[in-house]
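Q: coords.tsv (TSV, C-alpha atoms and all ligand atoms) pasted underneath:
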chain	number	residue	atom	x	y	z
K	11	MET	CA	155.10	128.36	119.59
K	12	LYS	CA	152.76	125.36	119.47
K	13	TYR	CA	152.10	123.16	122.53
K	14	HIS	CA	153.98	120.13	121.13
K	15	GLN	CA	157.02	122.31	120.37
K	16	LYS	CA	157.13	123.60	123.97
K	17	LYS	CA	156.79	120.05	125.29
K	18	THR	CA	159.60	118.83	123.03
K	19	ILE	CA	161.92	121.57	124.30
K	20	ILE	CA	161.18	120.66	127.94
K	21	LEU	CA	161.82	116.94	127.29
K	22	GLN	CA	165.02	117.74	125.40
K	23	ILE	CA	166.30	119.77	128.37
K	24	LEU	CA	165.39	116.95	130.81
K	25	ASP	CA	167.09	114.44	128.49
K	26	LYS	CA	170.39	116.31	128.89
K	27	LEU	CA	170.27	116.27	132.71
K	28	PRO	CA	171.79	113.39	134.70
K	29	ASN	CA	169.39	110.42	134.44
K	30	LYS	CA	168.15	110.50	138.04
K	31	LEU	CA	167.45	114.24	138.07
K	32	GLY	CA	165.86	114.15	134.59
K	33	TYR	CA	163.51	111.32	135.58
K	34	SER	CA	162.64	112.91	138.90
K	35	ILE	CA	161.53	116.17	137.20
K	36	TYR	CA	159.77	114.15	134.48
K	37	HIS	CA	157.84	112.21	137.15
K	38	SER	CA	156.72	115.38	138.90
K	39	LEU	CA	155.53	116.84	135.58
K	40	GLN	CA	153.49	113.66	134.98
K	41	LYS	CA	151.79	113.86	138.40
K	42	LYS	CA	148.87	115.91	137.14
K	43	SER	CA	147.44	113.07	135.06
K	44	PHE	CA	147.26	110.74	138.07
K	45	ASN	CA	144.37	112.66	139.51
K	46	GLU	CA	142.41	111.29	136.59
K	47	ILE	CA	142.46	107.64	137.57
K	48	GLU	CA	138.85	107.12	136.37
K	49	THR	CA	139.83	108.22	132.86
K	50	LYS	CA	142.73	105.79	132.90
K	51	VAL	CA	140.53	102.93	134.14
K	52	ASN	CA	137.98	103.63	131.40
K	53	SER	CA	140.64	103.63	128.71
K	54	ASN	CA	142.16	100.39	130.06
K	55	PHE	CA	138.67	98.91	130.20
K	56	GLN	CA	138.25	99.53	126.44
K	57	SER	CA	141.50	97.64	125.87
K	58	LEU	CA	140.31	94.84	128.16
K	59	LYS	CA	137.18	94.44	126.02
K	60	LYS	CA	139.37	94.15	122.91
K	61	ILE	CA	141.65	91.60	124.62
K	62	GLU	CA	138.66	89.61	125.82
K	63	SER	CA	137.08	89.44	122.37
K	64	ILE	CA	140.33	88.30	120.71
K	65	LEU	CA	141.04	85.67	123.39
K	66	ASN	CA	137.45	84.37	123.23
K	67	GLU	CA	137.53	84.15	119.46
K	68	SER	CA	140.72	82.06	119.70
K	69	ASN	CA	139.42	79.93	122.61
K	70	ILE	CA	142.26	80.99	124.90
K	71	GLU	CA	141.51	80.18	128.54
K	72	LEU	CA	143.58	81.98	131.18
K	73	LYS	CA	142.03	80.81	134.46
K	74	ASN	CA	144.77	79.94	137.00
K	75	GLN	CA	147.48	80.61	134.41
K	76	LYS	CA	150.62	82.73	134.73
K	77	ILE	CA	150.92	85.55	132.24
K	78	ILE	CA	153.47	88.26	131.42
K	79	GLU	CA	152.94	91.96	130.72
K	80	ILE	CA	155.59	93.92	128.80
K	81	GLY	CA	155.64	97.61	129.78
K	82	SER	CA	154.07	98.04	133.24
K	83	GLY	CA	153.73	101.80	132.84
K	84	TRP	CA	152.66	104.05	135.72
K	85	VAL	CA	149.78	102.23	137.40
K	86	PRO	CA	148.78	98.55	137.71
K	87	ILE	CA	145.30	99.07	136.24
K	88	MET	CA	145.55	96.56	133.38
K	89	PRO	CA	146.91	93.72	135.58
K	90	ILE	CA	144.03	94.31	138.01
K	91	LEU	CA	141.39	94.33	135.26
K	92	ILE	CA	142.90	91.17	133.77
K	93	LYS	CA	142.94	89.44	137.16
K	94	LEU	CA	139.29	90.33	137.72
K	95	LYS	CA	138.19	89.27	134.25
K	96	PHE	CA	140.23	86.12	133.65
K	97	MET	CA	141.14	84.93	137.18
K	98	VAL	CA	144.79	84.41	136.22
K	99	SER	CA	147.07	83.18	139.03
K	100	LYS	CA	149.94	85.62	138.49
K	101	ILE	CA	150.91	88.57	136.31
K	102	ILE	CA	154.64	89.13	135.92
K	103	THR	CA	155.20	92.63	134.59
K	104	TYR	CA	158.44	94.07	133.16
K	105	ASP	CA	159.39	97.65	132.40
K	106	ILE	CA	162.71	99.19	131.42
K	107	ASN	CA	161.81	102.13	133.69
K	108	LYS	CA	160.47	102.35	137.23
K	109	HIS	CA	157.26	104.38	137.05
K	110	TYR	CA	155.12	102.64	139.72
K	111	SER	CA	155.06	104.41	143.10
K	112	ASN	CA	153.26	103.60	146.35
K	113	LYS	CA	151.19	106.76	145.93
K	114	ARG	CA	149.96	105.78	142.47
K	115	ILE	CA	149.34	102.17	143.55
K	116	LYS	CA	147.31	103.43	146.51
K	117	LEU	CA	145.21	105.61	144.21
K	118	THR	CA	144.59	102.64	141.93
K	119	LEU	CA	143.66	100.31	144.81
K	120	LYS	CA	141.32	102.97	146.18
K	121	HIS	CA	139.44	102.85	142.90
K	122	PHE	CA	139.17	99.05	143.18
K	123	LYS	CA	138.52	99.10	146.93
K	124	LYS	CA	135.54	96.73	146.74
K	125	THR	CA	137.83	93.95	145.56
K	126	ASN	CA	139.89	94.09	148.76
K	127	PHE	CA	143.06	92.63	147.23
K	128	LYS	CA	145.70	91.31	149.60
K	129	THR	CA	148.93	93.24	149.13
K	130	ARG	CA	152.54	92.42	149.78
K	131	LYS	CA	155.88	94.20	149.39
K	132	CYS	CA	157.44	93.79	145.96
K	133	ASN	CA	160.41	96.03	145.13
K	134	ASN	CA	159.46	98.18	148.13
K	135	LEU	CA	155.97	98.73	146.74
K	136	ASN	CA	152.68	97.57	148.31
K	137	LEU	CA	151.36	95.65	145.34
K	138	PRO	CA	148.46	93.18	145.09
K	139	ASN	CA	149.98	89.76	145.72
K	140	PHE	CA	149.26	88.48	142.20
K	141	ILE	CA	151.50	91.12	140.58
K	142	ASP	CA	155.25	90.51	140.27
K	143	TYR	CA	156.77	93.83	139.25
K	144	HIS	CA	160.18	93.86	137.55
K	145	PRO	CA	161.13	97.51	136.93
K	146	LYS	CA	164.33	98.59	135.18
K	147	LYS	CA	164.45	95.22	133.48
K	148	ASN	CA	164.50	94.53	129.78
K	149	ILE	CA	162.60	91.28	129.26
K	150	ILE	CA	165.26	90.26	126.73
K	151	ASN	CA	167.63	89.74	129.67
K	152	ALA	CA	165.10	88.20	132.05
K	153	SER	CA	164.87	84.53	132.82
K	154	ILE	CA	161.24	83.66	132.16
K	155	GLU	CA	159.28	80.54	133.08
K	156	LYS	CA	158.57	78.21	130.14
K	157	ASP	CA	154.93	77.62	131.06
K	158	ILE	CA	153.71	81.18	130.63
K	159	LYS	CA	150.35	81.05	128.86
K	160	LEU	CA	150.12	84.59	127.49
K	161	ILE	CA	152.41	87.57	126.98
K	162	TYR	CA	150.63	90.85	126.33
K	163	SER	CA	151.52	94.48	125.89
K	164	ARG	CA	149.38	97.58	125.67
K	165	PHE	CA	150.72	100.69	123.94
K	166	VAL	CA	154.33	99.64	124.48
K	167	LEU	CA	155.83	98.16	121.29
K	168	GLU	CA	155.78	101.52	119.51
K	169	HIS	CA	158.22	102.72	122.20
K	170	VAL	CA	160.61	99.77	121.79
K	171	THR	CA	163.47	99.75	119.29
K	172	PRO	CA	162.92	97.45	116.28
K	173	ILE	CA	165.95	95.37	117.25
K	174	ASP	CA	164.61	94.85	120.79
K	175	ILE	CA	161.19	93.86	119.40
K	176	GLU	CA	162.86	91.27	117.19
K	177	ASN	CA	165.16	89.96	119.94
K	178	MET	CA	162.38	89.61	122.50
K	179	HIS	CA	160.20	87.67	120.04
K	180	LYS	CA	163.08	85.38	119.06
K	181	LYS	CA	163.60	84.71	122.76
K	182	PHE	CA	159.88	83.98	123.29
K	183	TYR	CA	159.89	81.66	120.27
K	184	ASN	CA	162.97	79.76	121.39
K	185	GLU	CA	162.37	79.58	125.14
K	186	LEU	CA	158.63	79.24	125.72
K	187	ASN	CA	156.28	76.27	125.40
K	188	ASN	CA	154.60	75.62	122.05
K	189	ASP	CA	151.20	76.82	123.28
K	190	ILE	CA	152.45	80.34	124.11
K	191	LYS	CA	150.16	83.13	122.85
K	192	ILE	CA	151.32	86.72	122.42
K	193	LEU	CA	148.92	89.63	122.16
K	194	HIS	CA	150.03	93.18	121.40
K	195	LEU	CA	147.95	96.36	121.34
K	196	ILE	CA	150.02	98.88	119.42
K	197	SER	CA	149.42	102.58	118.89
K	198	PRO	CA	151.52	103.49	115.84
K	199	SER	CA	150.45	107.13	115.60
K	200	ASP	CA	152.32	110.29	116.55
K	201	HIS	CA	151.58	110.62	120.27
K	202	ARG	CA	152.31	114.37	120.21
K	203	ALA	CA	148.99	114.73	118.35
K	204	TYR	CA	147.04	113.44	121.40
K	205	SER	CA	147.82	116.58	123.37
K	206	ASP	CA	148.21	119.00	120.45
K	207	LYS	CA	145.17	118.77	118.20
K	208	THR	CA	146.81	121.00	115.58
K	209	LEU	CA	149.09	118.10	114.64
K	210	SER	CA	148.24	115.23	112.31
K	211	LEU	CA	148.37	111.75	113.90
K	212	TYR	CA	150.93	110.97	111.16
K	213	ASP	CA	152.96	114.17	111.46
K	214	PHE	CA	156.19	112.44	112.47
K	215	LEU	CA	156.29	110.60	109.12
K	216	LYS	CA	157.43	113.80	107.41
K	217	TYR	CA	160.84	113.57	109.10
K	218	SER	CA	163.94	111.63	108.12
K	219	LYS	CA	165.31	109.24	110.74
K	220	LYS	CA	168.02	111.79	111.62
K	221	GLU	CA	165.53	114.66	112.00
K	222	TRP	CA	163.16	112.56	114.14
K	223	ASN	CA	166.05	111.45	116.38
K	224	ARG	CA	166.84	115.11	117.00
K	225	ILE	CA	163.23	115.74	118.10
K	226	GLN	CA	162.47	112.69	120.26
K	227	THR	CA	164.06	111.89	123.62
K	228	LYS	CA	164.30	108.88	125.92
K	229	PHE	CA	161.04	110.06	127.52
K	230	ASP	CA	158.99	109.92	124.33
K	231	TYR	CA	160.87	107.51	122.04
K	232	HIS	CA	158.67	106.27	119.17
K	233	ASN	CA	159.97	103.86	116.52
K	234	ARG	CA	157.43	105.03	113.85
K	235	LEU	CA	157.17	101.44	112.54
K	236	ARG	CA	154.32	100.89	110.07
K	237	LEU	CA	152.06	97.83	109.99
K	238	PRO	CA	154.06	95.77	107.40
K	239	GLU	CA	157.24	96.33	109.45
K	240	TYR	CA	155.64	94.91	112.61
K	241	ILE	CA	154.32	91.95	110.63
K	242	ALA	CA	157.78	91.27	109.15
K	243	ILE	CA	159.46	91.37	112.59
K	244	PHE	CA	156.93	88.96	114.14
K	245	GLU	CA	157.15	86.55	111.20
K	246	ASN	CA	160.97	86.71	111.07
K	247	SER	CA	161.00	85.68	114.72
K	248	GLY	CA	159.11	82.50	113.80
K	249	PHE	CA	155.58	83.42	114.92
K	250	LYS	CA	152.38	83.03	112.92
K	251	ILE	CA	149.89	85.89	113.00
K	252	THR	CA	146.57	84.26	113.88
K	253	HIS	CA	144.55	87.45	114.38
K	254	ILE	CA	145.15	91.00	113.25
K	255	GLU	CA	142.93	94.05	113.31
K	256	TYR	CA	143.54	97.76	112.98
K	257	ASP	CA	141.69	101.03	112.47
K	258	THR	CA	141.29	102.53	109.03
K	259	VAL	CA	140.69	106.20	108.28
K	260	ASP	CA	137.50	107.60	106.80
K	261	LYS	CA	138.39	109.69	103.75
K	262	ASN	CA	135.89	112.37	104.81
K	263	SER	CA	137.39	112.77	108.26
K	264	ASP	CA	139.49	115.61	109.59
K	265	LYS	CA	142.14	112.98	110.41
K	266	TYR	CA	142.44	112.11	106.69
K	267	LEU	CA	142.45	115.74	105.59
K	268	LYS	CA	145.29	116.51	108.00
K	269	TYR	CA	147.18	113.46	106.74
K	270	LYS	CA	146.74	114.60	103.12
K	271	GLU	CA	148.31	117.96	103.97
K	272	LEU	CA	151.53	116.20	105.00
K	273	LYS	CA	154.53	115.69	102.77
K	274	LEU	CA	155.69	112.21	103.74
K	275	HIS	CA	159.42	111.60	103.96
K	276	PRO	CA	160.64	109.39	101.05
K	277	ASP	CA	161.38	106.60	103.59
K	278	TYR	CA	157.61	106.10	103.76
K	279	HIS	CA	156.86	106.19	100.03
K	280	LYS	CA	157.22	102.40	99.83
K	281	PHE	CA	154.05	101.91	101.89
K	282	SER	CA	150.48	102.02	100.60
K	283	GLU	CA	148.13	104.58	102.13
K	284	LYS	CA	146.33	101.77	103.97
K	285	GLU	CA	149.62	100.58	105.48
K	286	ILE	CA	150.61	104.08	106.55
K	287	LEU	CA	147.25	104.89	108.11
K	288	ALA	CA	146.68	101.57	109.95
K	289	GLY	CA	146.04	102.60	113.57
K	290	SER	CA	145.33	100.85	116.91
K	291	ILE	CA	146.87	97.57	115.82
K	292	CYS	CA	145.89	94.40	117.73
K	293	VAL	CA	147.86	91.32	116.85
K	294	LEU	CA	147.80	87.77	118.18
K	295	LEU	CA	150.87	85.58	117.62
K	296	GLU	CA	151.18	81.81	117.96
K	297	LYS	CA	153.99	79.35	117.25
K	301	LIG	C1	152.95	104.34	127.06
K	301	LIG	S1	153.49	103.39	128.39
K	301	LIG	C2	152.23	102.16	128.47
K	301	LIG	C3	152.15	101.55	129.80
K	301	LIG	C4	151.01	100.57	130.06
K	301	LIG	N1	151.18	99.35	129.32
K	301	LIG	C5	149.67	101.18	129.78
K	301	LIG	O1	148.94	100.66	128.96
K	301	LIG	O2	149.35	102.21	130.39
K	301	LIG	C6	154.88	102.54	127.75
K	301	LIG	C7	155.66	101.83	128.82
K	301	LIG	O3	156.55	100.91	128.16
K	301	LIG	C8	157.78	100.94	128.83
K	301	LIG	N2	158.80	100.41	127.92
K	301	LIG	C9	159.42	101.03	126.89
K	301	LIG	N3	160.29	100.18	126.30
K	301	LIG	C10	160.18	99.01	126.96
K	301	LIG	C11	160.81	97.74	126.84
K	301	LIG	N4	161.77	97.50	125.92
K	301	LIG	N5	160.48	96.77	127.71
K	301	LIG	C12	159.53	97.01	128.66
K	301	LIG	N6	158.90	98.18	128.83
K	301	LIG	C13	159.23	99.17	128.00
K	301	LIG	C14	157.96	102.39	129.23
K	301	LIG	O4	158.88	102.54	130.27
K	301	LIG	C15	156.54	102.74	129.65
K	301	LIG	O5	156.35	102.46	131.01
Would you give me this structure, written as structure tokens?
A:
Amino acid sequence: MKYHQKKTIILQILDKLPNKLGYSIYHSLQKKSFNEIETKVNSNFQSLKKIESILNESNIELKNQKIIEIGSGWVPIMPILIKLKFMVSKIITYDINKHYSNKRIKLTLKHFKKTNFKTRKCNNLNLPNFIDYHPKKNIINASIEKDIKLIYSRFVLEHVTPIDIENMHKKFYNELNNDIKILHLISPSDHRAYSDKTLSLYDFLKYSKKEWNRIQTKFDYHNRLRLPEYIAIFENSGFKITHIEYDTVDKNSDKYLKYKELKLHPDYHKFSEKEILAGSICVLLEK
């Protein structure tokens, strides 16, 4: 049995357990990766460089501004990097789960120890005082301040249902000031392929919706949306796309060869090869 198949079976078993127990075992299985905080910082730093270049190109100034993060994840690395780079006043971060823990925050702060951030209790966690953490909260149901300057997400939208993506953007469009900017970094590929190199990064596109729903769980939900579908959702919500970039695939690469071996499900036949393969999407939205 391949690695991704074993992992799927474990997640499917955890998915059937009562929520609290399932998440508690899931969290202990994830612990291993938190020893590698340097790797996580480096990867977040690459995203920061991307964010910085897009914001600079669009003359977006964040100094002393309040911003929102969708999808806090496990560690507050990105909010810290953003604070250090852009000197924002506050980062309000929402997540439908509660993955932060004092242990992981401590590990993160240890890495940034030179910065000597002041901390305070927020949701029983000792967080830097510029981070407002809202776990177990869907931003669609949150009351958000009108004068937020930027909303960003990193590797989150692919885990959100299409209807939630649409509803949150309609809310942003209707409730926030006209100068709101929204920046998403999206990873539309099959995440199982990151830990199992035998899989194509597009492997999940061979399944029907029903088949894929039998494989995925609440721990690894992926909407499998392709580039044109994201664009349509953002535009239907009222936003203009003022910057978009994404990776293409070299036809001589192993990645392309593995993709060519796949038999795509007919649901995906309506897309061009370029649309299917578009990876690491960065998109900036404005009213
Ligand atoms: C892959 S992690 C990325 C976390 C973090 N942004 C990072 O870059 O490391 C995805 C996170 O999005 C959260 N998430 C999924 N759906 C969400 C939603 N509708 N609203 C907010 N967060 C969500 C998950 O709980 C998870 O913490």
Q: Would you kindly return, as a list of chain:residue names, each protein, DNA or RNA residue with an atom no farther than 8 Å from any atom of K:Ile47, considering only C-alpha atoms and excluding same-chain residues fewer than 6 positions away?
A: K:Leu117, K:Thr118, K:His121
Q: So the first atom is atom CA of K:Ile70 and the second is atom CA of K:Lys159; what is the distance between them in Å, to one decimal place?
A: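 We find that atom CA of K:Ile70 and atom CA of K:Lys159 lie 9.0 Å from each other.
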Q: If you measure from atom CA of K:His169 to atom CA of K:Glu255, what distance in Å do you get, rounded to one decimal?
A: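 The value is 19.7 Å.
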Q: As a quick test: using all atoms listed in the file, which residues lie no more than 9 Å away from ligand LIG 301 (chain K)? Give them as a JSON list (two decimals) with C-alpha atoms, in the coordinates of the input.
A:
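result05.json, freshly written:
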[["chain", "number", "residue", "atom", "x", "y", "z"],
["K", 50, "LYS", "CA", 142.73, 105.79, 132.90],
["K", 53, "SER", "CA", 140.64, 103.63, 128.71],
["K", 54, "ASN", "CA", 142.16, 100.39, 130.06],
["K", 57, "SER", "CA", 141.50, 97.64, 125.87],
["K", 79, "GLU", "CA", 152.94, 91.96, 130.72],
["K", 80, "ILE", "CA", 155.59, 93.92, 128.80],
["K", 81, "GLY", "CA", 155.64, 97.61, 129.78],
["K", 82, "SER", "CA", 154.07, 98.04, 133.24],
["K", 83, "GLY", "CA", 153.73, 101.80, 132.84],
["K", 84, "TRP", "CA", 152.66, 104.05, 135.72],
["K", 85, "VAL", "CA", 149.78, 102.23, 137.40],
["K", 86, "PRO", "CA", 148.78, 98.55, 137.71],
["K", 87, "ILE", "CA", 145.30, 99.07, 136.24],
["K", 88, "MET", "CA", 145.55, 96.56, 133.38],
["K", 103, "THR", "CA", 155.20, 92.63, 134.59],
["K", 104, "TYR", "CA", 158.44, 94.07, 133.16],
["K", 105, "ASP", "CA", 159.39, 97.65, 132.40],
["K", 106, "ILE", "CA", 162.71, 99.19, 131.42],
["K", 107, "ASN", "CA", 161.81, 102.13, 133.69],
["K", 108, "LYS", "CA", 160.47, 102.35, 137.23],
["K", 109, "HIS", "CA", 157.26, 104.38, 137.05],
["K", 110, "TYR", "CA", 155.12, 102.64, 139.72],
["K", 145, "PRO", "CA", 161.13, 97.51, 136.93],
["K", 146, "LYS", "CA", 164.33, 98.59, 135.18],
["K", 147, "LYS", "CA", 164.45, 95.22, 133.48],
["K", 148, "ASN", "CA", 164.50, 94.53, 129.78],
["K", 149, "ILE", "CA", 162.60, 91.28, 129.26],
["K", 150, "ILE", "CA", 165.26, 90.26, 126.73],
["K", 163, "SER", "CA", 151.52, 94.48, 125.89],
["K", 164, "ARG", "CA", 149.38, 97.58, 125.67],
["K", 165, "PHE", "CA", 150.72, 100.69, 123.94],
["K", 166, "VAL", "CA", 154.33, 99.64, 124.48],
["K", 167, "LEU", "CA", 155.83, 98.16, 121.29],
["K", 168, "GLU", "CA", 155.78, 101.52, 119.51],
["K", 169, "HIS", "CA", 158.22, 102.72, 122.20],
["K", 170, "VAL", "CA", 160.61, 99.77, 121.79],
["K", 171, "THR", "CA", 163.47, 99.75, 119.29],
["K", 174, "ASP", "CA", 164.61, 94.85, 120.79],
["K", 175, "ILE", "CA", 161.19, 93.86, 119.40],
["K", 178, "MET", "CA", 162.38, 89.61, 122.50],
["K", 195, "LEU", "CA", 147.95, 96.36, 121.34],
["K", 229, "PHE", "CA", 161.04, 110.06, 127.52],
["K", 230, "ASP", "CA", 158.99, 109.92, 124.33],
["K", 231, "TYR", "CA", 160.87, 107.51, 122.04]]
Q: Atom CA of K:His37 to atom CA of K:Leu119: how many Å, to one decimal?
A: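 Between atom CA of K:His37 and atom CA of K:Leu119 the gap works out to 20.0 Å.
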Q: Produce a table with one row for each residue of stretch 155-212 of chain K that has an atom at most 12 Å from any atom of stretch 259-271 of chain K, each row naming the nearest atom pair and its distance in Å at one decimal; use all atoms listed in the file; arrange rows by chain and rising residue number; format as CSV.
A:
residue,atom,partner,partner_atom,distance
K:Ser199,CA,K:Tyr269,CA,11.4
K:Asp200,CA,K:Tyr269,CA,11.5
K:Ala203,CA,K:Lys265,CA,10.6
K:Lys207,CA,K:Lys265,CA,10.2
K:Thr208,CA,K:Lys268,CA,8.9
K:Leu209,CA,K:Lys268,CA,7.8
K:Ser210,CA,K:Lys268,CA,5.4
K:Leu211,CA,K:Lys265,CA,7.2
K:Tyr212,CA,K:Tyr269,CA,6.3
Q: For a quick check of understanding, using all atoms listed in the file, which of K:Asn223, K:Ser99, K:Asn177, K:Asn187 has the smallest distance to K:Ile141?
A: K:Ser99
Q: Pick from K:Ile192, K:Leu235, K:Ile101, K:Leu58: nearest to K:His144, with all atoms listed in the file counted?
A: K:Ile101
Q: Of the candidates K:Ile243, K:Leu237, K:Leu21, K:Ala152, which one gets nearest to K:Pro172 if we count all atoms listed in the file?
A: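 So, comparing all the options, the nearest one is K:Ile243.
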Q: Excluding K:Asn136 and its own-chain neighbours fewer than 6 positions away, which residues fall within 12 Å of it when counting only C-alpha atoms? Please give them as a PyMOL selection string.
A: chain K and resi 86+110-119+127-130+142-143
Q: Can you work out which one of K:Thr125, K:Leu72, K:Lys180, K:Arg202 has the shortest atom-to-atom distance to K:Ile225, counting only C-alpha atoms?
A: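 Under the stated criterion, the closest residue is K:Arg202.
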Q: Skipping near chain neighbours, those fewer than 5 positions away, what residues fall within 9 Å of K:Phe244 using all atoms listed in the file, listed as a PDB file with C-alpha atoms, in the frame of the given file?
A:
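Output file part.pdb is given in full below:
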ATOM      1  CA  ILE K 175     161.190  93.860 119.400  1.00  0.00           C
ATOM      2  CA  GLU K 176     162.860  91.270 117.190  1.00  0.00           C
ATOM      3  CA  HIS K 179     160.200  87.670 120.040  1.00  0.00           C
ATOM      4  CA  LYS K 180     163.080  85.380 119.060  1.00  0.00           C
ATOM      5  CA  GLU K 239     157.240  96.330 109.450  1.00  0.00           C
ATOM      6  CA  PHE K 249     155.580  83.420 114.920  1.00  0.00           C
ATOM      7  CA  LYS K 250     152.380  83.030 112.920  1.00  0.00           C
ATOM      8  CA  ILE K 251     149.890  85.890 113.000  1.00  0.00           C
ATOM      9  CA  LEU K 295     150.870  85.580 117.620  1.00  0.00           C
TER      10      LEU K 295
END
